[in-house]
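Text of the file protein18.pdb, holding PDB, C-alpha atoms and all ligand atoms:
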ATOM      1  CA  MET A   1      -8.117 -66.587-193.323
ATOM      2  CA  VAL A   2      -8.677 -70.271-192.621
ATOM      3  CA  ALA A   3      -9.435 -70.997-188.981
ATOM      4  CA  VAL A   4      -7.091 -73.678-187.677
ATOM      5  CA  THR A   5      -8.883 -76.038-185.361
ATOM      6  CA  THR A   6      -7.370 -78.668-183.150
ATOM      7  CA  VAL A   7      -7.352 -82.104-184.769
ATOM      8  CA  THR A   8      -6.187 -85.202-182.892
ATOM      9  CA  ARG A   9      -6.306 -88.893-183.658
ATOM     10  CA  PHE A  10      -6.252 -92.314-182.081
ATOM     11  CA  ALA A  11      -4.401 -94.703-184.397
ATOM     12  CA  PRO A  12      -4.629 -98.294-183.194
ATOM     13  CA  SER A  13      -3.144-101.222-185.098
ATOM     14  CA  PRO A  14      -5.594-104.138-185.381
ATOM     15  CA  ASN A  15      -2.979-106.651-184.230
ATOM     16  CA  GLY A  16      -4.818-107.549-181.047
ATOM     17  CA  PRO A  17      -7.700-106.338-178.904
ATOM     18  CA  LEU A  18      -7.552-102.959-177.175
ATOM     19  CA  HIS A  19      -6.956-102.799-173.431
ATOM     20  CA  LEU A  20      -6.977-100.056-170.782
ATOM     21  CA  GLY A  21      -3.749 -98.505-172.106
ATOM     22  CA  HIS A  22      -5.393 -97.950-175.484
ATOM     23  CA  ALA A  23      -8.513 -96.569-173.805
ATOM     24  CA  PHE A  24      -6.321 -94.064-171.982
ATOM     25  CA  ALA A  25      -4.616 -93.025-175.252
ATOM     26  CA  ALA A  26      -7.969 -92.616-177.008
ATOM     27  CA  ILE A  27      -9.366 -90.535-174.142
ATOM     28  CA  VAL A  28      -6.293 -88.268-174.079
ATOM     29  CA  ALA A  29      -6.644 -87.646-177.832
ATOM     30  CA  HIS A  30     -10.403 -87.178-177.630
ATOM     31  CA  ASP A  31     -10.344 -84.819-174.641
ATOM     32  CA  ARG A  32      -7.455 -82.794-176.057
ATOM     33  CA  ALA A  33      -9.491 -82.081-179.205
ATOM     34  CA  MET A  34     -12.706 -81.379-177.274
ATOM     35  CA  ARG A  35     -10.908 -78.891-175.016
ATOM     36  CA  ASP A  36     -10.462 -76.679-178.104
ATOM     37  CA  GLY A  37     -13.783 -77.565-179.742
ATOM     38  CA  GLY A  38     -11.792 -79.500-182.349
ATOM     39  CA  ALA A  39     -12.061 -82.880-184.041
ATOM     40  CA  PHE A  40     -11.057 -86.326-182.808
ATOM     41  CA  MET A  41     -10.346 -88.957-185.441
ATOM     42  CA  LEU A  42      -9.940 -92.707-185.565
ATOM     43  CA  ARG A  43      -7.388 -94.125-187.997
ATOM     44  CA  ILE A  44      -6.946 -97.858-188.368
ATOM     45  CA  GLU A  45      -3.246 -98.657-188.923
ATOM     46  CA  ASP A  46      -3.816-101.890-190.791
ATOM     47  CA  ILE A  47      -0.688-102.442-192.872
ATOM     48  CA  ASP A  48       1.162-104.707-190.491
ATOM     49  CA  GLY A  49       1.145-107.649-192.914
ATOM     50  CA  ALA A  50       0.595-110.997-191.246
ATOM     51  CA  ARG A  51      -0.123-109.504-187.818
ATOM     52  CA  SER A  52      -3.028-107.354-189.019
ATOM     53  CA  ARG A  53      -6.553-108.657-188.340
ATOM     54  CA  PRO A  54      -8.924-106.254-190.110
ATOM     55  CA  GLU A  55     -11.995-107.744-188.391
ATOM     56  CA  LEU A  56     -10.773-106.180-185.130
ATOM     57  CA  ALA A  57     -11.530-102.679-186.432
ATOM     58  CA  GLY A  58     -15.251-103.268-185.810
ATOM     59  CA  GLU A  59     -14.470-104.234-182.207
ATOM     60  CA  PHE A  60     -12.373-101.071-181.802
ATOM     61  CA  ARG A  61     -15.351 -98.938-182.816
ATOM     62  CA  GLU A  62     -17.543-100.786-180.310
ATOM     63  CA  ASP A  63     -14.903-100.140-177.633
ATOM     64  CA  LEU A  64     -14.776 -96.390-178.344
ATOM     65  CA  ARG A  65     -18.566 -96.151-178.347
ATOM     66  CA  TRP A  66     -18.636 -98.047-175.038
ATOM     67  CA  LEU A  67     -16.178 -95.512-173.569
ATOM     68  CA  GLY A  68     -18.568 -92.758-174.595
ATOM     69  CA  LEU A  69     -16.309 -91.239-177.273
ATOM     70  CA  ALA A  70     -17.484 -89.837-180.612
ATOM     71  CA  TRP A  71     -15.074 -89.619-183.521
ATOM     72  CA  ARG A  72     -14.615 -88.956-187.215
ATOM     73  CA  GLU A  73     -13.156 -91.858-189.117
ATOM     74  CA  THR A  74     -10.290 -91.366-191.554
ATOM     75  CA  PRO A  75      -9.381 -93.870-194.290
ATOM     76  CA  PRO A  76      -7.411 -96.879-193.017
ATOM     77  CA  GLN A  77      -3.741 -97.113-193.942
ATOM     78  CA  SER A  78      -4.357 -99.951-196.391
ATOM     79  CA  THR A  79      -6.072 -97.437-198.718
ATOM     80  CA  ARG A  80      -3.096 -95.043-198.728
ATOM     81  CA  LEU A  81      -0.346 -97.117-200.274
ATOM     82  CA  THR A  82      -0.013 -94.897-203.353
ATOM     83  CA  ALA A  83       0.883 -91.910-201.180
ATOM     84  CA  TYR A  84       3.438 -93.949-199.228
ATOM     85  CA  ARG A  85       5.048 -95.154-202.446
ATOM     86  CA  ALA A  86       5.199 -91.620-203.874
ATOM     87  CA  ALA A  87       6.972 -90.368-200.750
ATOM     88  CA  LEU A  88       9.512 -93.175-200.878
ATOM     89  CA  GLU A  89      10.087 -92.437-204.569
ATOM     90  CA  SER A  90      10.695 -88.765-203.842
ATOM     91  CA  LEU A  91      13.307 -89.666-201.217
ATOM     92  CA  ARG A  92      14.872 -92.216-203.569
ATOM     93  CA  GLU A  93      15.231 -89.664-206.370
ATOM     94  CA  ARG A  94      17.180 -87.465-203.991
ATOM     95  CA  GLY A  95      19.460 -90.316-202.924
ATOM     96  CA  LEU A  96      18.165 -90.239-199.342
ATOM     97  CA  VAL A  97      17.213 -93.918-199.061
ATOM     98  CA  TYR A  98      19.076 -97.117-199.850
ATOM     99  CA  ARG A  99      18.272-100.824-200.070
ATOM    100  CA  CYS A 100      19.268-103.143-197.232
ATOM    101  CA  THR A 101      19.205-106.940-197.253
ATOM    102  CA  CYS A 102      20.685-107.541-193.797
ATOM    103  CA  THR A 103      18.965-110.110-191.614
ATOM    104  CA  ARG A 104      18.095-109.464-187.985
ATOM    105  CA  ALA A 105      20.922-111.832-186.993
ATOM    106  CA  GLU A 106      23.469-109.977-189.155
ATOM    107  CA  ILE A 107      22.461-106.660-187.608
ATOM    108  CA  ALA A 108      22.659-108.111-184.088
ATOM    109  CA  ALA A 109      26.102-109.589-184.840
ATOM    110  CA  ALA A 110      27.372-106.196-186.026
ATOM    111  CA  ALA A 111      26.453-104.894-182.537
ATOM    112  CA  GLY A 112      25.853-101.245-183.319
ATOM    113  CA  ALA A 113      25.488 -98.632-180.575
ATOM    114  CA  PRO A 114      22.276 -99.046-178.556
ATOM    115  CA  GLY A 115      19.373 -96.972-179.891
ATOM    116  CA  PRO A 116      15.799 -96.367-178.695
ATOM    117  CA  ASP A 117      14.612 -99.351-180.749
ATOM    118  CA  GLY A 118      17.476-101.819-180.349
ATOM    119  CA  PRO A 119      20.989-101.649-181.806
ATOM    120  CA  VAL A 120      21.589 -98.852-184.309
ATOM    121  CA  TYR A 121      21.995-100.209-187.841
ATOM    122  CA  PRO A 122      25.736-100.193-188.658
ATOM    123  CA  GLY A 123      25.231 -98.998-192.253
ATOM    124  CA  THR A 124      26.515-102.168-193.921
ATOM    125  CA  CYS A 125      24.431-101.807-197.100
ATOM    126  CA  ARG A 126      25.060 -98.066-197.309
ATOM    127  CA  HIS A 127      28.732 -98.893-197.904
ATOM    128  CA  ASN A 128      28.121-102.005-200.056
ATOM    129  CA  ALA A 129      25.034-101.974-202.254
ATOM    130  CA  PRO A 130      23.360-105.424-202.100
ATOM    131  CA  SER A 131      22.401-107.450-205.174
ATOM    132  CA  PRO A 132      19.473-105.813-206.979
ATOM    133  CA  ASP A 133      17.340-109.000-206.977
ATOM    134  CA  ALA A 134      17.525-109.782-203.259
ATOM    135  CA  PRO A 135      14.425-108.854-201.228
ATOM    136  CA  ALA A 136      15.302-105.649-199.415
ATOM    137  CA  VAL A 137      14.005-102.972-197.103
ATOM    138  CA  TRP A 138      14.627 -99.268-197.766
ATOM    139  CA  ARG A 139      16.495 -97.327-195.106
ATOM    140  CA  LEU A 140      16.779 -93.575-194.651
ATOM    141  CA  ASP A 141      20.349 -92.285-194.907
ATOM    142  CA  ILE A 142      20.185 -90.243-191.702
ATOM    143  CA  ALA A 143      23.507 -88.463-192.173
ATOM    144  CA  ARG A 144      22.568 -87.188-195.643
ATOM    145  CA  ALA A 145      19.022 -86.431-194.605
ATOM    146  CA  THR A 146      20.046 -84.380-191.573
ATOM    147  CA  ALA A 147      22.671 -82.552-193.657
ATOM    148  CA  ILE A 148      19.934 -81.508-196.104
ATOM    149  CA  ALA A 149      17.287 -80.708-193.506
ATOM    150  CA  GLY A 150      19.599 -78.758-191.198
ATOM    151  CA  PRO A 151      18.967 -78.403-187.456
ATOM    152  CA  LEU A 152      15.356 -79.060-186.471
ATOM    153  CA  THR A 153      13.254 -78.553-183.376
ATOM    154  CA  TRP A 154       9.818 -79.741-182.336
ATOM    155  CA  HIS A 155       7.422 -78.919-179.547
ATOM    156  CA  ASP A 156       5.912 -81.252-177.005
ATOM    157  CA  GLU A 157       3.027 -79.758-175.033
ATOM    158  CA  ARG A 158       4.152 -81.442-171.835
ATOM    159  CA  ARG A 159       7.944 -81.249-172.129
ATOM    160  CA  GLY A 160       8.495 -78.130-174.199
ATOM    161  CA  LEU A 161      10.843 -77.415-177.081
ATOM    162  CA  GLN A 162      12.974 -80.372-178.215
ATOM    163  CA  PRO A 163      16.109 -80.229-180.357
ATOM    164  CA  GLY A 164      15.718 -82.787-183.174
ATOM    165  CA  ARG A 165      17.956 -85.829-182.719
ATOM    166  CA  PRO A 166      16.997 -88.251-185.514
ATOM    167  CA  GLU A 167      20.505 -89.738-185.498
ATOM    168  CA  LEU A 168      19.633 -91.599-182.279
ATOM    169  CA  PHE A 169      17.912 -94.266-184.354
ATOM    170  CA  GLY A 170      20.509 -94.582-187.082
ATOM    171  CA  ASP A 171      19.275 -95.373-190.605
ATOM    172  CA  VAL A 172      15.649 -96.303-189.885
ATOM    173  CA  VAL A 173      13.617 -98.574-192.141
ATOM    174  CA  LEU A 174      11.037 -96.653-194.163
ATOM    175  CA  TRP A 175       9.851 -99.491-196.378
ATOM    176  CA  ARG A 176       9.536-103.059-195.247
ATOM    177  CA  LYS A 177       9.683-106.428-196.969
ATOM    178  CA  ASP A 178       6.584-107.870-195.343
ATOM    179  CA  ALA A 179       4.471-104.712-195.125
ATOM    180  CA  PRO A 180       4.499-101.662-197.349
ATOM    181  CA  ALA A 181       5.592 -98.575-195.447
ATOM    182  CA  SER A 182       7.112 -98.645-191.968
ATOM    183  CA  TYR A 183       5.338 -97.071-189.020
ATOM    184  CA  HIS A 184       7.558 -93.959-189.245
ATOM    185  CA  LEU A 185       6.751 -93.182-192.869
ATOM    186  CA  ALA A 186       3.065 -94.143-192.817
ATOM    187  CA  ALA A 187       2.181 -92.363-189.570
ATOM    188  CA  THR A 188       3.993 -89.168-190.591
ATOM    189  CA  LEU A 189       2.271 -89.018-193.979
ATOM    190  CA  ASP A 190      -1.133 -89.870-192.502
ATOM    191  CA  ASP A 191      -0.986 -87.244-189.795
ATOM    192  CA  ALA A 192      -0.249 -84.650-192.485
ATOM    193  CA  ALA A 193      -2.975 -85.940-194.825
ATOM    194  CA  ASP A 194      -5.504 -86.026-191.986
ATOM    195  CA  GLY A 195      -4.688 -82.468-190.908
ATOM    196  CA  VAL A 196      -3.664 -83.570-187.417
ATOM    197  CA  THR A 197      -2.494 -80.519-185.468
ATOM    198  CA  VAL A 198      -1.741 -82.180-182.117
ATOM    199  CA  VAL A 199      -0.215 -85.662-182.309
ATOM    200  CA  THR A 200      -1.044 -87.376-179.030
ATOM    201  CA  ARG A 201       0.586 -90.704-178.259
ATOM    202  CA  GLY A 202       2.323 -92.608-175.499
ATOM    203  CA  ALA A 203       5.645 -91.398-174.102
ATOM    204  CA  ASP A 204       7.092 -94.755-175.197
ATOM    205  CA  LEU A 205       7.104 -93.251-178.713
ATOM    206  CA  PHE A 206       8.740 -89.969-177.681
ATOM    207  CA  ALA A 207      12.036 -90.730-179.445
ATOM    208  CA  ALA A 208      10.293 -91.749-182.688
ATOM    209  CA  THR A 209       9.160 -88.145-183.062
ATOM    210  CA  HIS A 210      12.730 -87.111-183.924
ATOM    211  CA  VAL A 211      12.475 -89.264-187.049
ATOM    212  CA  HIS A 212       8.992 -88.017-187.884
ATOM    213  CA  ARG A 213      10.123 -84.394-187.614
ATOM    214  CA  LEU A 214      12.969 -85.107-190.037
ATOM    215  CA  LEU A 215      10.596 -86.786-192.509
ATOM    216  CA  GLN A 216       8.309 -83.751-192.353
ATOM    217  CA  ALA A 217      11.224 -81.511-193.248
ATOM    218  CA  LEU A 218      12.319 -83.759-196.141
ATOM    219  CA  LEU A 219       8.825 -84.193-197.550
ATOM    220  CA  GLY A 220       7.614 -80.616-197.046
ATOM    221  CA  LEU A 221       4.836 -81.627-194.637
ATOM    222  CA  PRO A 222       3.147 -79.371-192.083
ATOM    223  CA  VAL A 223       4.564 -79.603-188.563
ATOM    224  CA  PRO A 224       2.083 -80.349-185.769
ATOM    225  CA  VAL A 225       2.777 -80.125-182.057
ATOM    226  CA  TRP A 226       3.073 -83.301-180.005
ATOM    227  CA  HIS A 227       1.597 -84.405-176.743
ATOM    228  CA  HIS A 228       3.319 -87.500-175.399
ATOM    229  CA  HIS A 229       1.227 -88.769-172.534
ATOM    230  CA  PRO A 230       2.292 -91.154-169.763
ATOM    231  CA  VAL A 231       1.574 -94.822-170.443
ATOM    232  CA  LEU A 232      -0.133 -97.379-168.235
ATOM    233  CA  VAL A 233       2.329 -99.837-166.749
ATOM    234  CA  GLU A 234       2.009-102.927-164.603
ATOM    235  CA  ALA A 235       3.595-103.368-161.176
ATOM    236  CA  ASP A 236       6.873-104.473-162.809
ATOM    237  CA  GLY A 237       7.046-101.194-164.741
ATOM    238  CA  ARG A 238       6.352-102.766-168.116
ATOM    239  CA  LYS A 239       3.737-101.417-170.496
ATOM    240  CA  LEU A 240       0.314-103.013-170.160
ATOM    241  CA  ALA A 241      -0.072-105.807-172.682
ATOM    242  CA  LYS A 242      -2.735-108.279-173.580
ATOM    243  CA  ARG A 243      -0.172-111.065-173.761
ATOM    244  CA  ARG A 244       0.687-110.506-170.095
ATOM    245  CA  GLY A 245      -2.929-110.846-169.074
ATOM    246  CA  ALA A 246      -4.359-107.311-169.225
ATOM    247  CA  PRO A 247      -8.096-107.793-169.860
ATOM    248  CA  SER A 248      -9.261-106.393-173.171
ATOM    249  CA  LEU A 249     -11.849-103.644-173.437
ATOM    250  CA  ALA A 250     -14.046-106.138-175.288
ATOM    251  CA  ASP A 251     -13.864-108.527-172.291
ATOM    252  CA  ARG A 252     -14.897-105.706-169.976
ATOM    253  CA  ARG A 253     -17.652-104.632-172.337
ATOM    254  CA  HIS A 254     -19.054-108.163-172.585
ATOM    255  CA  SER A 255     -18.942-108.619-168.813
ATOM    256  CA  GLY A 256     -21.375-105.713-168.459
ATOM    257  CA  GLU A 257     -18.948-103.186-166.946
ATOM    258  CA  SER A 258     -19.847 -99.542-167.620
ATOM    259  CA  GLY A 259     -17.589 -98.034-170.279
ATOM    260  CA  THR A 260     -18.287 -94.468-169.250
ATOM    261  CA  ALA A 261     -17.347 -95.371-165.655
ATOM    262  CA  VAL A 262     -14.074 -96.875-166.959
ATOM    263  CA  ALA A 263     -13.448 -93.685-168.952
ATOM    264  CA  GLN A 264     -14.100 -91.507-165.897
ATOM    265  CA  ALA A 265     -11.752 -93.628-163.785
ATOM    266  CA  LEU A 266      -9.009 -93.257-166.412
ATOM    267  CA  ARG A 267      -9.535 -89.488-166.553
ATOM    268  CA  ALA A 268      -9.180 -89.347-162.780
ATOM    269  CA  ALA A 269      -6.099 -91.639-162.960
ATOM    270  CA  ARG A 270      -7.828 -94.301-160.866
ATOM    271  CA  PHE A 271      -6.510 -97.580-162.178
ATOM    272  CA  ASP A 272      -6.951-101.283-161.550
ATOM    273  CA  THR A 273      -4.747-102.826-158.884
ATOM    274  CA  GLY A 274      -1.102-102.908-159.857
ATOM    275  CA  ILE A 275      -1.513-100.473-162.764
ATOM    276  CA  SER A 276      -0.023 -96.990-162.713
ATOM    277  CA  LEU A 277       1.174 -94.272-165.076
ATOM    278  CA  SER A 278       4.774 -94.005-166.212
ATOM    279  CA  GLU A 279       6.595 -91.331-168.164
ATOM    280  CA  TYR A 280       8.793 -94.058-169.583
ATOM    281  CA  VAL A 281      11.912 -91.992-168.970
ATOM    282  CA  ASP A 282      13.949 -95.192-168.639
ATOM    283  CA  ARG A 283      13.297 -95.921-172.298
ATOM    284  CA  GLU A 284      14.615 -92.586-173.432
ATOM    285  CA  PRO A 285      18.119 -92.217-174.748
TER     286      PRO A 285
HETATM  287  N1  LIG B 301      -0.379 -97.685-184.543
HETATM  288  C1  LIG B 301       0.520 -97.144-183.567
HETATM  289  C2  LIG B 301       0.371 -97.907-182.256
HETATM  290  O1  LIG B 301      -0.648 -98.564-182.064
HETATM  291  C3  LIG B 301       0.195 -95.664-183.386
HETATM  292  C4  LIG B 301       1.250 -94.903-182.704
HETATM  293  C5  LIG B 301       1.010 -93.392-182.856
HETATM  294  O2  LIG B 301       0.008 -92.910-182.283
HETATM  295  O3  LIG B 301       1.756 -92.741-183.575
HETATM  296  O4  LIG B 301       1.285 -97.906-181.447
HETATM  297 ZN    ZN B 302      21.924-103.926-194.693
END
Take the structure from the file and write it as structure tokens.
Amino acid sequence: MVAVTTVTRFAPSPNGPLHLGHAFAAIVAHDRAMRDGGAFMLRIEDIDGARSRPELAGEFREDLRWLGLAWRETPPQSTRLTAYRAALESLRERGLVYRCTCTRAEIAAAAGAPGPDGPVYPGTCRHNAPSPDAPAVWRLDIARATAIAGPLTWHDERRGLQPGRPELFGDVVLWRKDAPASYHLAATLDDAADGVTVVTRGADLFAATHVHRLLQALLGLPVPVWHHHPVLVEADGRKLAKRRGAPSLADRRHSGESGTAVAQALRAARFDTGISLSEYVDREP
């Protein structure tokens, strides 16, 4: 019998420097794996086209080292495009995805029902196939996909058993114009390929898990458990963000602050002034 060990990961996108919120996410993933004597992995999610700055990955490693974390590194997303394409192809052969050429403005004008990620796509291109030459994204046909997959459930370590509700998002984009796979497809495939058994991430991504669970069912992937942790928010309740002035971990590192002291403070939920934890329930459908 193969012993199943706990495997977690921290999966930052090199779109900007890491800040305290990322440190908290990394520590949650790290400590969750260590609790079981398991493995903690770092995966660089570097397929975000123009926004991706690969040189930041080196800084991320410095940040994790500074926090006192040890990790195993998995291949970055940019090396996994063949697997993403194969998965899309398998869904396409089964008629579960379709091309969509709608612009952001067209989708906004159609004013679909509100979803966790903005208005739900109204299905325009599902009814009317666009011209084959136009640049297009690929969307998952949620109604067909859920009909094939049947009712699904998933387990969150903090909130218990969840009935799958992928329809909340409508027909999500699985393949983009400007980047290869979307977050939903890439992250789901990577977590399976990396043998992740406990997917830890911020509660702001709680609803996305419904889509990931459906993709696992469609693609025959193993099903992990999830651990959606609270996220660090500023006094106004919004998620911490570099663009709103949260100092980066690199800034703190360079100013001579102790990384292990920062890590201990985060573990004890002692935050900088104005910062607190939120379960992000307001963002949930
Ligand atoms: N790259 C994603 C982010 O930085 C990872 C989310 C996840 O852990 O699934 O938000
Ligand atoms: Zn469309």
The PyMOL selection byres (((chain A and resi 138-154) around 8) and not hetatm) on the file shown: which residues, as a list in words?
-> Leu96, Val97, Tyr98, Arg99, Cys100, Arg126, Ala136, Val137, His155, Asp156, Leu161, Gln162, Pro163, Gly164, Pro166, Glu167, Gly170, Asp171, Val172, Val173, Leu174, Trp175, Arg176, Arg213, Leu214, Ala217, Leu218, Val225 and Trp226 of chain A
Keeping C-alpha atoms, export the residues of the selection given above as a PDB file, keeping the file's coordinate frame.
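Final output, selection34.pdb:
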ATOM      1  CA  LEU A  96      18.165 -90.239-199.342  1.00  0.00           C
ATOM      2  CA  VAL A  97      17.213 -93.918-199.061  1.00  0.00           C
ATOM      3  CA  TYR A  98      19.076 -97.117-199.850  1.00  0.00           C
ATOM      4  CA  ARG A  99      18.272-100.824-200.070  1.00  0.00           C
ATOM      5  CA  CYS A 100      19.268-103.143-197.232  1.00  0.00           C
ATOM      6  CA  ARG A 126      25.060 -98.066-197.309  1.00  0.00           C
ATOM      7  CA  ALA A 136      15.302-105.649-199.415  1.00  0.00           C
ATOM      8  CA  VAL A 137      14.005-102.972-197.103  1.00  0.00           C
ATOM      9  CA  HIS A 155       7.422 -78.919-179.547  1.00  0.00           C
ATOM     10  CA  ASP A 156       5.912 -81.252-177.005  1.00  0.00           C
ATOM     11  CA  LEU A 161      10.843 -77.415-177.081  1.00  0.00           C
ATOM     12  CA  GLN A 162      12.974 -80.372-178.215  1.00  0.00           C
ATOM     13  CA  PRO A 163      16.109 -80.229-180.357  1.00  0.00           C
ATOM     14  CA  GLY A 164      15.718 -82.787-183.174  1.00  0.00           C
ATOM     15  CA  PRO A 166      16.997 -88.251-185.514  1.00  0.00           C
ATOM     16  CA  GLU A 167      20.505 -89.738-185.498  1.00  0.00           C
ATOM     17  CA  GLY A 170      20.509 -94.582-187.082  1.00  0.00           C
ATOM     18  CA  ASP A 171      19.275 -95.373-190.605  1.00  0.00           C
ATOM     19  CA  VAL A 172      15.649 -96.303-189.885  1.00  0.00           C
ATOM     20  CA  VAL A 173      13.617 -98.574-192.141  1.00  0.00           C
ATOM     21  CA  LEU A 174      11.037 -96.653-194.163  1.00  0.00           C
ATOM     22  CA  TRP A 175       9.851 -99.491-196.378  1.00  0.00           C
ATOM     23  CA  ARG A 176       9.536-103.059-195.247  1.00  0.00           C
ATOM     24  CA  ARG A 213      10.123 -84.394-187.614  1.00  0.00           C
ATOM     25  CA  LEU A 214      12.969 -85.107-190.037  1.00  0.00           C
ATOM     26  CA  ALA A 217      11.224 -81.511-193.248  1.00  0.00           C
ATOM     27  CA  LEU A 218      12.319 -83.759-196.141  1.00  0.00           C
ATOM     28  CA  VAL A 225       2.777 -80.125-182.057  1.00  0.00           C
ATOM     29  CA  TRP A 226       3.073 -83.301-180.005  1.00  0.00           C
TER      30      TRP A 226
END
Name the closest residue to Ala181 in chain A among the candidates A:Pro132, A:Gly49, A:Gly112, A:Gly118; distances are taken between atoms, counting all atoms listed in the file.
->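 Of all the options, A:Gly49 lies closest to Ala181 in chain A.
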Selection result of the PyMOL selection byres (((not hetatm)) within 7 of (chain B and resi 302)) on this file, as an MDAnalysis selection string | chainID A and resid 100:102 123:125
Would you please work out which residue, of A:Pro114, A:Gly256, A:Gly202, A:Pro180, is nearest to ligand LIG 301 (chain B) when using all atoms listed in the file?
->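 So, comparing all the options, the nearest one is A:Gly202.
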Using all atoms listed in the file, find each protein or nucleic acid residue lying at most 9 Å from ligand LIG 301 (chain B); present the set as a list in words.
-> Arg9, Phe10, Ala11, Pro12, Ser13, Pro14, Asn15, His22, Ala25, Arg43, Ile44, Glu45, Asp46, Tyr183, His184, Ala187, Thr188, Asp191, Val199, Thr200, Arg201, Gly202, Leu205, Ala208 and Thr209 of chain A
Which value, in Å to one decimal, gives the distance between CA of Val7 in chain A and CA of Pro222 in chain A?
-> 13.1 Å
Measuring atom to atom with only C-alpha atoms, identify which of A:Gly195, A:Pro135, A:Gly220, A:Gly274 is nearest to Thr74 in chain A.
->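 Under the stated criterion, the closest residue is A:Gly195.
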